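Trainee: Could you have a look at this structure, given as structure tokens, before my questions?
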Amino acid sequence: MLERGSKLFNAIRRKRSGTAAIEFGLAIPVLAVLLTAIVEIGFSMYQAKQVSYGAEAGLFYAAQNGWNAAGIQNAAINATGLTGTAATASQFCGCPSSTGITAASCSATCSDGSQPSQYIQINVSLARRSIIINSGFALPSTISAQSILRQN
């Protein structure tokens with residue numbers, strides 16, 4: 001048994017070779033998890049930004065060309081540059097309110113007495129893909145963006 005003050009105990013206590021290797025071995029798993037998280041979150045942010053660009057591109061197409069569902073959807077999908085992107089475009093009438101746009105019949109009258117405006121809504125979504133399969137990070141499974149354009 002090693003007793004405090006014995007020659008063997010003191011010799012082991014003074015030996016420092018291998019300490020850096022042990023510390024490195026303990027730190028590597030923590031650093032690997034941090035690097036994995038940074039890469040995974042960064043890729044998810046990239047995908048979210050691309051989906052947002054797609055919704056904006058659909059909006060710009062609608063602003064320049066008017067209502068054309070297929071053209072708006074193609075512009076939105078092509079702008080993302082990601083496979084698996086889905087886009088839908090819809091047209092509706094609505095009245096402005098304090099909480100946003102309230103859908104209304106095109107022949108109705110708004111609460112302020114004005115006629116409802118026509119709007120185009122573009123929804124773009126993407127099933128989020130992961131770089132690291134089963135990474136275990138709680139990120140959203142679907143990324144989506146929406147743009148609304150008033151036509152008149």
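The chains in the structure tokens are called A, B, ... from first to last as shown; in each chain the residues are counted from 1, and the ligands are counted from 1 in the order shown.
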May I have the residues within 9 Å of Gln121 in chain A as a list in words, using only C-alpha atoms and disregarding those fewer than 2 positions away in the same chain?
Mentor: Leu59, Thr88, Ala89, Ser90, Gln91, Phe92, Tyr119, Asn123, Gln146, Ser147, Ile148, Leu149 and Arg150 of chain A
Trainee: For the residues in the current selection, export N, CA and C atoms as an mmCIF file, in the first residue's frame.
Mentor:
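So result_17.cif came out as:
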```
data_model
loop_
_atom_site.group_PDB
_atom_site.id
_atom_site.type_symbol
_atom_site.label_atom_id
_atom_site.label_comp_id
_atom_site.auth_asym_id
_atom_site.auth_seq_id
_atom_site.Cartn_x
_atom_site.Cartn_y
_atom_site.Cartn_z
ATOM 1 N N LEU A 59 -42.931 36.425 -53.549
ATOM 2 C CA LEU A 59 -43.557 37.731 -53.365
ATOM 3 C C LEU A 59 -43.132 38.695 -54.480
ATOM 4 N N THR A 88 -46.751 26.984 -51.782
ATOM 5 C CA THR A 88 -48.146 27.151 -52.177
ATOM 6 C C THR A 88 -48.448 28.639 -52.258
ATOM 7 N N ALA A 89 -49.259 28.988 -53.222
ATOM 8 C CA ALA A 89 -49.682 30.380 -53.377
ATOM 9 C C ALA A 89 -51.204 30.396 -53.376
ATOM 10 N N SER A 90 -51.767 31.344 -52.652
ATOM 11 C CA SER A 90 -53.218 31.467 -52.617
ATOM 12 C C SER A 90 -53.598 32.935 -52.677
ATOM 13 N N GLN A 91 -54.823 33.162 -53.115
ATOM 14 C CA GLN A 91 -55.336 34.509 -53.265
ATOM 15 C C GLN A 91 -56.566 34.635 -52.363
ATOM 16 N N PHE A 92 -56.695 35.744 -51.649
ATOM 17 C CA PHE A 92 -57.853 35.941 -50.784
ATOM 18 C C PHE A 92 -58.144 37.422 -50.620
ATOM 19 N N TYR A 119 -55.339 39.971 -51.661
ATOM 20 C CA TYR A 119 -54.010 39.616 -51.189
ATOM 21 C C TYR A 119 -53.554 38.321 -51.840
ATOM 22 N N ASN A 123 -46.652 30.532 -49.098
ATOM 23 C CA ASN A 123 -46.117 29.710 -48.012
ATOM 24 C C ASN A 123 -45.050 28.788 -48.587
ATOM 25 N N GLN A 146 -43.550 32.637 -44.701
ATOM 26 C CA GLN A 146 -44.767 33.119 -45.328
ATOM 27 C C GLN A 146 -44.591 34.579 -45.731
ATOM 28 N N SER A 147 -45.143 34.934 -46.879
ATOM 29 C CA SER A 147 -45.167 36.327 -47.327
ATOM 30 C C SER A 147 -46.568 36.631 -47.829
ATOM 31 N N ILE A 148 -47.020 37.860 -47.577
ATOM 32 C CA ILE A 148 -48.334 38.301 -48.029
ATOM 33 C C ILE A 148 -48.166 39.610 -48.788
ATOM 34 N N LEU A 149 -48.807 39.690 -49.953
ATOM 35 C CA LEU A 149 -48.728 40.866 -50.810
ATOM 36 C C LEU A 149 -50.133 41.391 -51.058
ATOM 37 N N ARG A 150 -50.343 42.677 -50.843
ATOM 38 C CA ARG A 150 -51.626 43.286 -51.175
ATOM 39 C C ARG A 150 -51.590 43.682 -52.650
#
```
Trainee: So the first atom is CA of Ala32 in chain A and the second is CA of Gln50 in chain A; what is the distance between them in Å, to one decimal place?
Mentor: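 CA of Gln50 in chain A lies 27.1 Å from CA of Ala32 in chain A.
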Trainee: Please measure the separation of CA of Leu35 in chain A and CA of Tyr53 in chain A, giving the value in Å to one decimal.
Mentor: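 Value for the CA of Leu35 in chain A-CA of Tyr53 in chain A distance: 27.0 Å.
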Trainee: List every residue of chain A that DSSP, applied to the backbone of this structure, places in helix (DSSP H, G or I), and write the result as a PyMOL selection string.
Mentor: chain A and resi 7-14+19-65+69-80
Trainee: Would you please work out which residue, of A:Ser130, A:Ser6, A:Thr19, A:Ser125, is nearest to Ser144 in chain A when using only C-alpha atoms?
Mentor: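 Smallest distance to Ser144 in chain A is found for A:Ser125.
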Trainee: So which residues touch range 80-83 of chain A within 9 Å, counting only C-alpha atoms, skipping near sequence neighbours fewer than 6 positions away, as a list in words?
Mentor: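 Listed by chain and then number, they are Gln47, Lys49, Gln50, Val51, Ser52, Tyr53, Gly54, Ala55, Ala57 and Leu126 of chain A.
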Trainee: What's around Glu40 in chain A at 9 Å? Count only C-alpha atoms, leave out sequence neighbours fewer than 3 positions away in its own chain, and write the answer as a PyMOL selection string.
Mentor: chain A and resi 35-37+43-45+130-132+135+137
Trainee: Atoms to include: N, CA and C atoms. Write the selected residues as an mmCIF file, in the first residue's frame.
Mentor:
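That gives us out.cif:
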```
data_model
loop_
_atom_site.group_PDB
_atom_site.id
_atom_site.type_symbol
_atom_site.label_atom_id
_atom_site.label_comp_id
_atom_site.auth_asym_id
_atom_site.auth_seq_id
_atom_site.Cartn_x
_atom_site.Cartn_y
_atom_site.Cartn_z
ATOM 1 N N LEU A 35 -18.734 21.007 -31.336
ATOM 2 C CA LEU A 35 -18.551 21.175 -32.771
ATOM 3 C C LEU A 35 -19.756 20.641 -33.537
ATOM 4 N N THR A 36 -20.268 19.498 -33.127
ATOM 5 C CA THR A 36 -21.451 18.927 -33.761
ATOM 6 C C THR A 36 -22.637 19.874 -33.642
ATOM 7 N N ALA A 37 -22.839 20.440 -32.462
ATOM 8 C CA ALA A 37 -23.954 21.369 -32.249
ATOM 9 C C ALA A 37 -23.806 22.611 -33.120
ATOM 10 N N PHE A 43 -26.249 24.742 -40.045
ATOM 11 C CA PHE A 43 -26.892 24.223 -41.248
ATOM 12 C C PHE A 43 -28.400 24.464 -41.202
ATOM 13 N N SER A 44 -28.999 24.337 -40.022
ATOM 14 C CA SER A 44 -30.431 24.610 -39.880
ATOM 15 C C SER A 44 -30.734 26.081 -40.133
ATOM 16 N N MET A 45 -29.860 26.957 -39.664
ATOM 17 C CA MET A 45 -30.050 28.390 -39.915
ATOM 18 C C MET A 45 -29.924 28.694 -41.408
ATOM 19 N N SER A 130 -30.812 16.941 -41.549
ATOM 20 C CA SER A 130 -29.735 16.982 -40.579
ATOM 21 C C SER A 130 -28.445 16.523 -41.238
ATOM 22 N N ILE A 131 -27.360 17.193 -40.913
ATOM 23 C CA ILE A 131 -26.056 16.750 -41.414
ATOM 24 C C ILE A 131 -25.635 15.490 -40.671
ATOM 25 N N ILE A 132 -25.873 15.476 -39.389
ATOM 26 C CA ILE A 132 -25.506 14.345 -38.540
ATOM 27 C C ILE A 132 -26.782 13.604 -38.167
ATOM 28 N N SER A 135 -28.599 13.251 -34.347
ATOM 29 C CA SER A 135 -27.698 14.045 -33.509
ATOM 30 C C SER A 135 -28.290 14.305 -32.136
ATOM 31 N N PHE A 137 -30.272 16.771 -31.224
ATOM 32 C CA PHE A 137 -30.550 18.171 -30.923
ATOM 33 C C PHE A 137 -32.017 18.458 -31.210
#
```
Trainee: In terms of the shortest atom-to-atom distance over only C-alpha atoms, which of A:Gly42, A:Gly113, A:Gly100, A:Gly71 is closest to Arg129 in chain A?
Mentor: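 Of A:Gly42, A:Gly113, A:Gly100, A:Gly71, the one nearest Arg129 in chain A is A:Gly42, counting only C-alpha atoms.
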Trainee: Would you list, as an NGL selection string, the residues of chain A that end up in strand (DSSP E or B) under DSSP run on this structure's backbone?
Mentor: :A and (85-97 or 100-103 or 117-127 or 142-150)
